[in-house]
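Quick look at my_file_6.cif (mmCIF, C-alpha atoms):
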data_model
#
loop_
_atom_site.label_atom_id
_atom_site.label_comp_id
_atom_site.auth_asym_id
_atom_site.auth_seq_id
_atom_site.Cartn_x
_atom_site.Cartn_y
_atom_site.Cartn_z
CA MET A 1 140.18 104.48 110.10
CA SER A 2 143.14 104.67 107.71
CA MET A 3 142.81 105.54 104.02
CA THR A 4 144.11 102.09 103.17
CA GLN A 5 141.27 100.42 105.00
CA GLN A 6 138.72 102.77 103.48
CA SER A 7 139.75 101.95 99.93
CA ARG A 8 139.98 98.15 100.21
CA LYS A 9 137.63 96.54 97.75
CA ALA A 10 135.49 93.58 98.71
CA VAL A 11 133.10 91.42 96.74
CA VAL A 12 129.96 90.67 98.75
CA LEU A 13 127.67 87.86 97.63
CA VAL A 14 124.07 88.95 98.01
CA SER A 15 120.90 86.94 97.53
CA GLY A 16 118.20 89.31 98.67
CA GLY A 17 117.89 87.37 101.90
CA LEU A 18 118.35 88.39 105.51
CA ASP A 19 121.80 86.87 105.98
CA SER A 20 123.53 88.45 103.00
CA ALA A 21 121.97 91.85 103.77
CA THR A 22 123.55 91.58 107.21
CA ALA A 23 126.90 90.44 105.82
CA LEU A 24 126.87 93.46 103.50
CA ALA A 25 126.16 95.81 106.42
CA ILE A 26 129.04 94.27 108.37
CA ALA A 27 131.43 94.64 105.42
CA GLN A 28 130.44 98.28 105.08
CA ASP A 29 130.83 98.79 108.81
CA GLN A 30 134.40 97.47 108.39
CA SER A 31 134.94 100.23 105.78
CA TYR A 32 135.29 97.99 102.76
CA ASP A 33 134.49 99.44 99.36
CA CYS A 34 131.77 96.89 98.63
CA HIS A 35 130.85 95.44 95.25
CA ALA A 36 127.81 93.21 95.44
CA LEU A 37 127.38 90.14 93.24
CA ALA A 38 124.11 88.25 92.85
CA VAL A 39 123.68 85.21 90.68
CA ASP A 40 120.50 84.68 88.74
CA TYR A 41 120.67 80.90 88.77
CA GLY A 42 117.12 80.34 87.63
CA GLN A 43 115.80 80.24 91.19
CA ARG A 44 112.09 79.79 91.65
CA HIS A 45 111.78 82.72 93.98
CA ARG A 46 112.51 85.45 91.44
CA SER A 47 111.58 88.10 93.98
CA GLU A 48 114.94 87.34 95.67
CA LEU A 49 116.69 89.24 92.90
CA GLU A 50 114.34 92.20 93.34
CA ALA A 51 115.21 92.12 97.03
CA ALA A 52 118.93 92.07 96.17
CA ARG A 53 118.38 95.22 94.10
CA ARG A 54 116.53 96.94 96.95
CA VAL A 55 119.07 95.95 99.61
CA THR A 56 122.11 97.09 97.62
CA ALA A 57 120.40 100.30 96.49
CA ALA A 58 119.59 101.11 100.13
CA ALA A 59 123.24 100.45 101.02
CA GLY A 60 124.51 102.56 98.12
CA VAL A 61 126.54 99.66 96.73
CA PRO A 62 126.93 98.66 93.05
CA LEU A 63 125.33 95.33 92.15
CA LYS A 64 126.24 92.95 89.35
CA ILE A 65 123.73 90.24 88.51
CA LEU A 66 125.32 87.32 86.72
CA PRO A 67 122.98 85.03 84.80
CA LEU A 68 123.71 81.31 85.26
CA ASP A 69 120.89 78.99 84.36
CA LEU A 70 121.44 76.04 86.69
CA ARG A 71 118.13 74.58 85.53
CA ALA A 72 120.20 73.03 82.73
CA ILE A 73 121.63 70.62 85.32
CA GLY A 74 118.60 70.51 87.67
CA GLY A 75 118.66 68.60 90.94
CA SER A 76 117.10 70.99 93.48
CA ALA A 77 113.61 72.00 94.53
CA LEU A 78 114.76 75.60 94.08
CA THR A 79 115.71 75.16 90.42
CA ALA A 80 113.94 72.01 89.22
CA ASP A 81 110.33 70.93 89.26
CA ILE A 82 110.32 69.39 92.75
CA ASP A 83 107.92 70.58 95.47
CA VAL A 84 109.33 72.73 98.27
CA PRO A 85 108.74 70.82 101.52
CA GLU A 86 106.59 72.59 104.11
CA ALA A 87 107.19 70.42 107.17
CA GLY A 88 110.43 70.55 109.18
CA THR A 89 112.96 68.23 107.53
CA THR A 90 116.03 66.38 108.76
CA GLY A 91 119.28 65.78 106.90
CA ILE A 92 120.10 67.64 103.70
CA PRO A 93 116.85 69.00 102.28
CA VAL A 94 115.75 68.91 98.64
CA THR A 95 116.05 72.71 98.57
CA TYR A 96 119.84 72.27 98.53
CA VAL A 97 121.21 73.57 95.22
CA PRO A 98 124.04 71.29 94.02
CA ALA A 99 127.43 72.81 94.84
CA ARG A 100 125.76 76.21 95.25
CA ASN A 101 128.22 77.96 97.53
CA THR A 102 131.13 76.46 95.63
CA ILE A 103 129.72 77.94 92.44
CA LEU A 104 128.81 81.30 94.02
CA LEU A 105 132.24 81.70 95.60
CA SER A 106 133.91 80.79 92.31
CA LEU A 107 132.02 83.51 90.48
CA ALA A 108 132.81 85.95 93.29
CA LEU A 109 136.47 84.94 93.02
CA GLY A 110 136.46 85.72 89.30
CA TYR A 111 134.83 89.08 89.95
CA ALA A 112 137.29 89.83 92.76
CA GLU A 113 140.14 89.09 90.40
CA VAL A 114 138.75 91.52 87.83
CA LEU A 115 138.27 94.22 90.47
CA GLY A 116 141.60 93.58 92.18
CA ALA A 117 139.84 92.74 95.44
CA ASP A 118 141.43 90.42 98.01
CA ASP A 119 138.32 90.07 100.16
CA LEU A 120 135.09 88.13 99.68
CA PHE A 121 132.11 88.22 102.02
CA ILE A 122 129.51 85.47 102.13
CA GLY A 123 126.64 85.26 104.61
CA VAL A 124 126.87 81.55 105.34
CA ASN A 125 125.84 80.36 108.72
CA ALA A 126 126.64 77.08 110.41
CA VAL A 127 124.01 77.33 113.14
CA ASP A 128 120.61 77.69 111.49
CA TYR A 129 122.00 76.36 108.24
CA SER A 130 119.39 73.84 107.15
CA GLY A 131 122.01 71.08 106.90
CA TYR A 132 123.81 72.29 103.77
CA PRO A 133 127.37 70.88 103.55
CA ASP A 134 128.74 74.04 101.95
CA CYS A 135 127.90 76.24 104.94
CA ARG A 136 130.38 74.54 107.28
CA PRO A 137 133.53 76.28 108.54
CA GLU A 138 135.74 73.45 107.28
CA PHE A 139 134.35 73.95 103.78
CA ILE A 140 135.10 77.69 103.88
CA ALA A 141 138.63 77.07 105.18
CA ALA A 142 139.32 74.57 102.38
CA TYR A 143 137.82 76.96 99.84
CA GLN A 144 140.11 79.77 100.92
CA LEU A 145 143.19 77.54 100.65
CA MET A 146 142.13 76.54 97.14
CA ALA A 147 141.29 80.12 96.12
CA ARG A 148 144.73 81.35 97.14
CA LEU A 149 146.22 78.94 94.59
CA ALA A 150 143.64 79.62 91.89
CA THR A 151 144.29 83.15 90.85
CA LYS A 152 146.87 85.57 89.58
CA ALA A 153 146.77 87.26 92.99
CA GLY A 154 147.73 83.94 94.59
CA VAL A 155 150.60 83.47 92.16
CA GLU A 156 151.73 87.01 92.78
CA GLY A 157 151.59 86.68 96.57
CA GLY A 158 148.16 88.20 97.28
CA GLU A 159 146.24 86.90 100.25
CA LEU A 160 142.64 86.29 99.39
CA THR A 161 140.38 86.13 102.45
CA ILE A 162 136.88 84.73 102.62
CA HIS A 163 134.95 86.54 105.33
CA THR A 164 132.04 84.71 106.94
CA PRO A 165 130.94 87.15 109.63
CA LEU A 166 127.74 85.23 110.37
CA ILE A 167 129.14 81.74 110.51
CA ASP A 168 128.97 81.32 114.29
CA LEU A 169 125.87 83.42 114.93
CA THR A 170 122.37 82.20 115.60
CA LYS A 171 119.64 83.66 113.41
CA ALA A 172 118.58 85.82 116.38
CA GLU A 173 122.13 87.16 116.78
CA ILE A 174 122.32 87.93 113.06
CA ILE A 175 119.09 89.90 113.28
CA GLN A 176 120.27 91.78 116.35
CA ARG A 177 123.59 92.62 114.69
CA GLY A 178 121.92 93.79 111.48
CA THR A 179 119.31 95.79 113.35
CA ALA A 180 122.08 97.57 115.27
CA LEU A 181 123.72 98.39 111.91
CA GLY A 182 120.49 99.77 110.51
CA VAL A 183 119.56 96.96 108.10
CA ASP A 184 115.97 97.32 106.97
CA TYR A 185 114.84 93.69 106.88
CA ARG A 186 111.59 94.68 105.18
CA LEU A 187 113.69 94.90 102.01
CA THR A 188 114.80 91.27 102.25
CA VAL A 189 113.10 88.07 101.12
CA SER A 190 113.95 84.70 102.67
CA CYS A 191 111.01 82.55 101.57
CA TYR A 192 111.81 79.68 99.18
CA GLN A 193 108.51 80.30 97.39
CA ALA A 194 107.83 84.01 97.80
CA ASP A 195 105.29 85.41 95.36
CA ASP A 196 106.04 88.10 92.79
CA GLU A 197 105.52 90.84 95.38
CA GLY A 198 108.03 89.14 97.69
CA ARG A 199 105.35 87.98 100.15
CA ALA A 200 106.42 84.94 102.14
CA CYS A 201 104.60 81.61 102.43
CA GLY A 202 105.28 81.34 106.15
CA ALA A 203 105.48 77.55 105.85
CA CYS A 204 108.82 76.58 104.27
CA ASP A 205 112.03 75.86 106.20
CA SER A 206 113.46 79.26 105.44
CA CYS A 207 110.33 81.11 106.64
CA ARG A 208 110.24 79.04 109.81
CA ILE A 209 113.90 79.76 110.65
CA ARG A 210 113.46 83.48 109.90
CA ARG A 211 110.30 83.85 111.99
CA ASP A 212 111.82 81.97 114.92
CA GLY A 213 114.87 84.23 114.58
CA PHE A 214 112.91 87.46 114.91
CA ARG A 215 111.02 86.02 117.86
CA ALA A 216 114.23 84.93 119.64
CA ALA A 217 115.90 88.27 118.84
CA GLY A 218 113.04 90.21 120.38
CA VAL A 219 112.78 92.22 117.17
CA PRO A 220 109.38 92.72 115.49
CA ASP A 221 109.15 90.57 112.34
CA PRO A 222 108.69 92.95 109.39
CA THR A 223 108.04 90.12 106.93
CA THR A 224 104.92 90.37 104.78
CA TYR A 225 103.20 87.00 104.79
CA ARG A 226 100.55 86.27 102.19
CA MET B 1 136.38 44.91 83.31
CA SER B 2 133.81 44.62 86.10
CA MET B 3 130.22 45.86 85.81
CA THR B 4 130.93 48.32 88.60
CA GLN B 5 133.73 49.95 86.66
CA GLN B 6 131.69 50.00 83.47
CA SER B 7 128.82 51.86 85.11
CA ARG B 8 130.79 54.50 87.03
CA LYS B 9 129.67 57.91 85.93
CA ALA B 10 132.12 60.71 85.29
CA VAL B 11 131.65 64.34 84.35
CA VAL B 12 134.17 65.40 81.72
CA LEU B 13 134.74 69.11 81.10
CA VAL B 14 135.05 69.71 77.37
CA SER B 15 135.94 72.89 75.54
CA GLY B 16 136.22 71.78 71.94
CA GLY B 17 139.99 71.92 72.25
CA LEU B 18 142.66 69.29 71.78
CA ASP B 19 143.32 68.69 75.48
CA SER B 20 139.75 68.06 76.60
CA ALA B 21 139.09 65.80 73.59
CA THR B 22 142.05 63.71 74.73
CA ALA B 23 140.91 63.73 78.38
CA LEU B 24 137.50 62.48 77.22
CA ALA B 25 139.10 59.66 75.20
CA ILE B 26 141.17 58.66 78.25
CA ALA B 27 138.08 58.65 80.51
CA GLN B 28 136.26 56.46 78.01
CA ASP B 29 139.28 54.18 77.73
CA GLN B 30 139.06 53.79 81.54
CA SER B 31 135.45 52.61 81.02
CA TYR B 32 133.74 55.57 82.67
CA ASP B 33 130.18 56.36 81.67
CA CYS B 34 131.03 59.88 80.50
CA HIS B 35 128.81 62.94 80.70
CA ALA B 36 130.37 65.94 79.00
CA LEU B 37 129.88 69.50 80.24
CA ALA B 38 130.79 72.59 78.26
CA VAL B 39 130.33 76.11 79.50
CA ASP B 40 129.25 78.83 77.14
CA TYR B 41 130.96 81.64 79.01
CA GLY B 42 130.65 84.17 76.22
CA GLN B 43 134.02 83.21 74.75
CA ARG B 44 135.10 85.02 71.64
CA HIS B 45 135.89 81.88 69.75
CA ARG B 46 132.30 80.60 69.42
CA SER B 47 133.48 77.82 67.14
CA GLU B 48 134.89 76.13 70.28
CA LEU B 49 131.37 75.14 71.25
CA GLU B 50 130.72 73.73 67.79
CA ALA B 51 133.89 71.72 68.19
CA ALA B 52 132.68 70.48 71.61
CA ARG B 53 129.49 69.26 69.90
CA ARG B 54 131.48 67.46 67.17
CA VAL B 55 133.95 65.87 69.60
CA THR B 56 131.27 64.53 71.98
CA ALA B 57 129.05 63.35 69.12
CA ALA B 58 132.00 61.44 67.65
CA ALA B 59 132.62 59.89 71.09
CA GLY B 60 128.93 59.03 71.55
CA VAL B 61 128.77 60.96 74.82
CA PRO B 62 125.91 63.24 76.00
CA LEU B 63 126.83 66.92 76.19
CA LYS B 64 125.32 69.63 78.38
CA ILE B 65 126.12 73.22 77.47
CA LEU B 66 125.64 75.57 80.40
CA PRO B 67 125.30 79.26 79.57
CA LEU B 68 127.27 81.57 81.88
CA ASP B 69 127.89 85.02 80.54
CA LEU B 70 131.20 85.99 82.13
CA ARG B 71 131.27 89.12 79.98
CA ALA B 72 129.22 90.65 82.82
CA ILE B 73 132.41 90.66 84.91
CA GLY B 74 134.91 91.05 82.03
CA GLY B 75 138.65 91.01 82.59
CA SER B 76 140.02 88.72 79.86
CA ALA B 77 140.93 89.04 76.20
CA LEU B 78 138.77 85.95 75.61
CA THR B 79 135.61 87.54 77.05
CA ALA B 80 136.20 91.30 77.05
CA ASP B 81 137.19 93.75 74.36
CA ILE B 82 140.96 93.35 74.68
CA ASP B 83 143.11 92.27 71.72
CA VAL B 84 144.44 88.71 71.70
CA PRO B 85 148.25 88.95 71.69
CA GLU B 86 150.01 87.37 68.72
CA ALA B 87 153.61 87.38 69.91
CA GLY B 88 154.93 84.89 72.50
CA THR B 89 154.19 86.30 75.97
CA THR B 90 155.71 85.77 79.40
CA GLY B 91 153.91 85.60 82.76
CA ILE B 92 150.15 85.27 82.97
CA PRO B 93 148.71 86.33 79.61
CA VAL B 94 145.68 88.55 79.07
CA THR B 95 143.86 85.52 77.60
CA TYR B 96 143.55 84.20 81.16
CA VAL B 97 139.86 84.09 82.14
CA PRO B 98 139.46 85.11 85.80
CA ALA B 99 139.08 82.04 88.02
CA ARG B 100 138.13 80.00 84.96
CA ASN B 101 139.05 76.49 86.08
CA THR B 102 137.68 77.20 89.55
CA ILE B 103 134.37 78.16 87.96
CA LEU B 104 134.36 75.28 85.46
CA LEU B 105 135.15 72.70 88.15
CA SER B 106 132.44 74.16 90.39
CA LEU B 107 129.83 73.75 87.67
CA ALA B 108 131.12 70.24 86.96
CA LEU B 109 130.87 69.49 90.68
CA GLY B 110 127.23 70.60 90.71
CA TYR B 111 126.49 68.44 87.67
CA ALA B 112 128.33 65.48 89.22
CA GLU B 113 126.21 65.84 92.31
CA VAL B 114 123.02 65.78 90.26
CA LEU B 115 124.20 62.70 88.32
CA GLY B 116 125.58 60.93 91.37
CA ALA B 117 129.06 60.88 89.85
CA ASP B 118 132.18 60.78 92.04
CA ASP B 119 134.63 61.46 89.22
CA LEU B 120 135.49 64.61 87.31
CA PHE B 121 137.89 64.82 84.37
CA ILE B 122 139.57 68.05 83.32
CA GLY B 123 142.22 68.37 80.63
CA VAL B 124 144.50 70.79 82.44
CA ASN B 125 148.16 70.61 81.70
CA ALA B 126 151.04 72.00 83.72
CA VAL B 127 153.66 71.73 81.00
CA ASP B 128 152.49 73.75 77.99
CA TYR B 129 150.02 75.63 80.15
CA SER B 130 150.52 79.24 79.12
CA GLY B 131 151.20 80.28 82.73
CA TYR B 132 147.67 79.98 84.12
CA PRO B 133 147.66 79.58 87.92
CA ASP B 134 144.64 77.27 87.88
CA CYS B 135 146.41 74.59 85.81
CA ARG B 136 148.92 73.74 88.52
CA PRO B 137 148.86 70.39 90.38
CA GLU B 138 148.74 72.15 93.77
CA PHE B 139 145.61 73.97 92.68
CA ILE B 140 143.92 70.72 91.62
CA ALA B 141 144.88 69.02 94.89
CA ALA B 142 143.45 71.90 96.93
CA TYR B 143 140.32 71.91 94.80
CA GLN B 144 139.73 68.21 95.43
CA LEU B 145 140.09 68.67 99.18
CA MET B 146 137.56 71.51 99.08
CA ALA B 147 135.17 69.61 96.82
CA ARG B 148 135.10 66.64 99.18
CA LEU B 149 133.73 68.98 101.86
CA ALA B 150 131.36 70.86 99.56
CA THR B 151 128.78 68.32 98.63
CA LYS B 152 126.24 65.87 99.94
CA ALA B 153 128.51 63.07 98.72
CA GLY B 154 131.28 64.47 100.93
CA VAL B 155 128.98 64.63 103.94
CA GLU B 156 127.80 61.11 103.24
CA GLY B 157 131.33 59.73 102.88
CA GLY B 158 131.72 59.76 99.09
CA GLU B 159 135.15 60.29 97.67
CA LEU B 160 135.10 62.77 94.85
CA THR B 161 138.15 62.51 92.60
CA ILE B 162 139.39 65.07 90.12
CA HIS B 163 141.22 63.33 87.31
CA THR B 164 143.83 65.32 85.41
CA PRO B 165 145.25 62.70 83.04
CA LEU B 166 147.18 65.27 81.00
CA ILE B 167 148.70 67.26 83.81
CA ASP B 168 152.24 65.92 83.45
CA LEU B 169 152.27 65.41 79.69
CA THR B 170 153.85 67.61 77.07
CA LYS B 171 151.61 68.70 74.22
CA ALA B 172 153.39 66.17 72.00
CA GLU B 173 152.68 63.37 74.49
CA ILE B 174 149.02 64.40 74.70
CA ILE B 175 148.74 64.24 70.92
CA GLN B 176 150.46 60.85 70.79
CA ARG B 177 148.18 59.47 73.52
CA GLY B 178 145.03 60.81 71.85
CA THR B 179 146.11 59.59 68.43
CA ALA B 180 146.65 56.08 69.87
CA LEU B 181 143.10 56.25 71.30
CA GLY B 182 141.65 57.30 67.96
CA VAL B 183 140.91 60.96 68.68
CA ASP B 184 140.22 62.84 65.46
CA TYR B 185 141.91 66.16 66.12
CA ARG B 186 140.40 67.65 62.97
CA LEU B 187 137.22 67.98 65.06
CA THR B 188 138.93 70.17 67.66
CA VAL B 189 139.60 73.91 67.74
CA SER B 190 142.38 75.39 69.86
CA CYS B 191 142.75 78.88 68.36
CA TYR B 192 141.80 81.79 70.62
CA GLN B 193 140.38 83.61 67.62
CA ALA B 194 139.17 80.90 65.26
CA ASP B 195 136.72 82.08 62.63
CA ASP B 196 133.13 80.85 62.34
CA GLU B 197 134.24 77.80 60.38
CA GLY B 198 136.73 76.92 63.13
CA ARG B 199 139.76 77.89 61.04
CA ALA B 200 142.76 78.84 63.13
CA CYS B 201 144.75 82.08 63.01
CA GLY B 202 148.09 80.28 63.35
CA ALA B 203 149.50 83.23 65.29
CA CYS B 204 148.11 83.20 68.85
CA ASP B 205 149.73 81.43 71.82
CA SER B 206 147.34 78.51 71.61
CA CYS B 207 147.96 77.96 67.87
CA ARG B 208 151.70 78.12 68.39
CA ILE B 209 151.65 75.55 71.22
CA ARG B 210 149.38 73.24 69.21
CA ARG B 211 151.46 73.42 66.02
CA ASP B 212 154.69 72.84 67.92
CA GLY B 213 152.99 69.88 69.64
CA PHE B 214 152.07 68.12 66.40
CA ARG B 215 155.56 68.73 65.07
CA ALA B 216 157.22 67.31 68.21
CA ALA B 217 154.79 64.36 68.26
CA GLY B 218 155.64 63.46 64.69
CA VAL B 219 151.91 63.50 63.88
CA PRO B 220 150.66 65.40 60.81
CA ASP B 221 148.89 68.61 61.93
CA PRO B 222 145.24 68.34 60.74
CA THR B 223 144.44 71.95 61.72
CA THR B 224 142.83 74.12 59.08
CA TYR B 225 144.58 77.49 59.08
CA ARG B 226 142.99 80.44 57.36
#

Whole structure, structure tokens version:
Amino acid sequence: MSMTQQSRKAVVLVSGGLDSATALAIAQDQSYDCHALAVDYGQRHRSELEAARRVTAAAGVPLKILPLDLRAIGGSALTADIDVPEAGTTGIPVTYVPARNTILLSLALGYAEVLGADDLFIGVNAVDYSGYPDCRPEFIAAYQLMARLATKAGVEGGELTIHTPLIDLTKAEIIQRGTALGVDYRLTVSCYQADDEGRACGACDSCRIRRDGFRAAGVPDPTTYR
Amino acid sequence: MSMTQQSRKAVVLVSGGLDSATALAIAQDQSYDCHALAVDYGQRHRSELEAARRVTAAAGVPLKILPLDLRAIGGSALTADIDVPEAGTTGIPVTYVPARNTILLSLALGYAEVLGADDLFIGVNAVDYSGYPDCRPEFIAAYQLMARLATKAGVEGGELTIHTPLIDLTKAEIIQRGTALGVDYRLTVSCYQADDEGRACGACDSCRIRRDGFRAAGVPDPTTYR
């Protein structure tokens, strides 16, 4: 491992969930100097942010939490007063937050520019992705092209890269990869309506995908259900 | 003018400045049903937001102000504790806010998605643009490509358009166009360090470009200097 690789800064978007905890572990395994960014966008499941604090503390990585109250524009079951669906859904679910990954990546891009980082990590996944348009590889590719034109680094010839190490993995493969890297998934919260202690409902889309993932991975599910 | 055109919704990014006030007037002149969005990103010149309220009230357009405290990530003279330069500068100035237009457009995209709008207006300008990378036409084109992949509308075949009606205009041409459309530029604030009453310093880059613009347009400068 060269010194250059060891000192490369990366901004890692974290949510407190299973995927971003794994993406962070992968970025660290690739010897990036990781700077975590979480966005407090007024999400219902406040315990996510507590999980983001636990995950980054366990990884020994600094965490910035940026407040952005998306409730001002509404439009999602996660930020507005719409019920979270408990049955399996088809199409784009109401839990979709409008333009969420576009917004998260934009904030990460700003933070990367401040830090002088050319690398962003985001734990998007196109397999068990709940039908969100902004988790698709073609979206990420277009975002990277845009981002290279958006910043000083782009003007000055820098090469911003958006890393999506989970994009082609199944949930089971993500869990296996993270487990091999020592991620403690007890620290993470995936549930769309976790309670204040981070206990999962076991009924929402996100809980269902997570539980099926542990089962398929052959890894004991450490989630605390209420 | 058809009913369809009259009822098309557009999100218009407003800052309280001269350019966005003109972009709003142009969008209204094109019969869009305009919804203004301003972002309170912790800018030094708080009187900008007051100007945004005056400009949208005069236009009879609803305004959302979204709080986003970019001071958490710092990096600009407009949001961090760095002095605003008063001499003409070359290259990208310290008043550049990291990834600002990327972030603003992302928030506008989220709001557009909530409203069901396929049109965004932003008053960027590539002529008197102070050297910001995210005011260039190639950036806007790349952003639009990305945005069409980012949202439900994109997945469902909608065609999001980013309108930049000022991009090829000089400041003088912008002022002439806005004056013809009845924009009252007394309501706007351009100064990077305006005081609480919105009075301009007359010395920063933005004041200089604005004053030169009125002079070149042959329009009396209504700015109140302190």

How would you write, as a PyMOL selection string, the residues chosen by the PyMOL selection byres ((chain A) within 7 of (chain B)) on this structure?
-> chain A and resi 66-69+72-75+98-99+102-103+106-107+109-111+113-114+133-134+139+142-143+145-146+149-152+155

Keeping only C-alpha atoms, take the residues you just selected and write them out as a tab-separated table (two decimals), in the coordinates of the input.
chain	number	residue	atom	x	y	z
A	66	LEU	CA	125.32	87.32	86.72
A	67	PRO	CA	122.98	85.03	84.80
A	68	LEU	CA	123.71	81.31	85.26
A	69	ASP	CA	120.89	78.99	84.36
A	72	ALA	CA	120.20	73.03	82.73
A	73	ILE	CA	121.63	70.62	85.32
A	74	GLY	CA	118.60	70.51	87.67
A	75	GLY	CA	118.66	68.60	90.94
A	98	PRO	CA	124.04	71.29	94.02
A	99	ALA	CA	127.43	72.81	94.84
A	102	THR	CA	131.13	76.46	95.63
A	103	ILE	CA	129.72	77.94	92.44
A	106	SER	CA	133.91	80.79	92.31
A	107	LEU	CA	132.02	83.51	90.48
A	109	LEU	CA	136.47	84.94	93.02
A	110	GLY	CA	136.46	85.72	89.30
A	111	TYR	CA	134.83	89.08	89.95
A	113	GLU	CA	140.14	89.09	90.40
A	114	VAL	CA	138.75	91.52	87.83
A	133	PRO	CA	127.37	70.88	103.55
A	134	ASP	CA	128.74	74.04	101.95
A	139	PHE	CA	134.35	73.95	103.78
A	142	ALA	CA	139.32	74.57	102.38
A	143	TYR	CA	137.82	76.96	99.84
A	145	LEU	CA	143.19	77.54	100.65
A	146	MET	CA	142.13	76.54	97.14
A	149	LEU	CA	146.22	78.94	94.59
A	150	ALA	CA	143.64	79.62	91.89
A	151	THR	CA	144.29	83.15	90.85
A	152	LYS	CA	146.87	85.57	89.58
A	155	VAL	CA	150.60	83.47	92.16

Non-local contacts of Gly123 (chain A) (7 Å; all atoms listed in the file; under 6 positions in same chain excluded) as a PyMOL selection string = chain A and resi 19-20+23+164-166

Any chance you could work out the axis-aligned box around region 220-226 of chain A, listed atoms only, 8 Å on each side, giving centre and edge lengths in Å to one decimal, as AutoDock Vina command-line options?
--center_x 105.0 --center_y 89.6 --center_z 108.8 --size_x 24.8 --size_y 22.7 --size_z 29.3

CA of Asp29 (chain B) and CA of Ile174 (chain B), how far apart in Å?
->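 Result for CA of Ile174 (chain B) versus CA of Asp29 (chain B): 14.4 Å, one decimal.
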
Taking the file as shown, what set of residues would the PyMOL selection byres ((chain B and resi 196-205) around 6) give back, as a count of residues only?
-> 11

Apply the PyMOL selection byres ((chain A and resi 17) around 9) to the structure shown and report the selected residues as a PyMOL selection string.
-> chain A and resi 14-16+18-22+48+51-52+55+185+187-191

Take the residues that were just selected and, keeping C-alpha atoms, output them as a compact mmCIF listing (two decimals), in the frame of the given file.
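Written out: result-v2.txt:
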# COMPACT_ATOMS: atom_id res chain seq x y z
CA VAL A 14 124.07 88.95 98.01
CA SER A 15 120.90 86.94 97.53
CA GLY A 16 118.20 89.31 98.67
CA LEU A 18 118.35 88.39 105.51
CA ASP A 19 121.80 86.87 105.98
CA SER A 20 123.53 88.45 103.00
CA ALA A 21 121.97 91.85 103.77
CA THR A 22 123.55 91.58 107.21
CA GLU A 48 114.94 87.34 95.67
CA ALA A 51 115.21 92.12 97.03
CA ALA A 52 118.93 92.07 96.17
CA VAL A 55 119.07 95.95 99.61
CA TYR A 185 114.84 93.69 106.88
CA LEU A 187 113.69 94.90 102.01
CA THR A 188 114.80 91.27 102.25
CA VAL A 189 113.10 88.07 101.12
CA SER A 190 113.95 84.70 102.67
CA CYS A 191 111.01 82.55 101.57

What does the distance from CA of Gly182 (chain B) to CA of Ala25 (chain B) come to in Å, to one decimal?
-> 8.0 Å

Pick from B:Arg186, B:Gln193, B:Leu49, B:Arg8 nearest to Thr223 (chain B), counting only C-alpha atoms =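 Among the listed residues, B:Arg186 lies closest to Thr223 (chain B).
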
In terms of the shortest atom-to-atom distance over all atoms listed in the file, which of A:Ala36, A:Leu120, A:Ala57, A:Ala172 is closest to Arg210 (chain A)?
->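 Smallest separation from Arg210 (chain A) among the options: A:Ala172.
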
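For the pair CA of Arg53 (chain A) and CA of Arg211 (chain A), the separation is 22.7 Å.
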
Shortest interatomic distance to His163 (chain A) - which of A:Ser7, A:Val12, A:Ala117, A:Gln28, counting only C-alpha atoms |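 Counting only C-alpha atoms, the residue closest to His163 (chain A) is A:Val12.
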
Polymer residues at most 7 Å from Gly213 (chain B), all atoms listed in the file, same-chain spacing of 4 or more positions, as a list in words | Lys171, Ala172, Ile209 and Ala217 of chain B
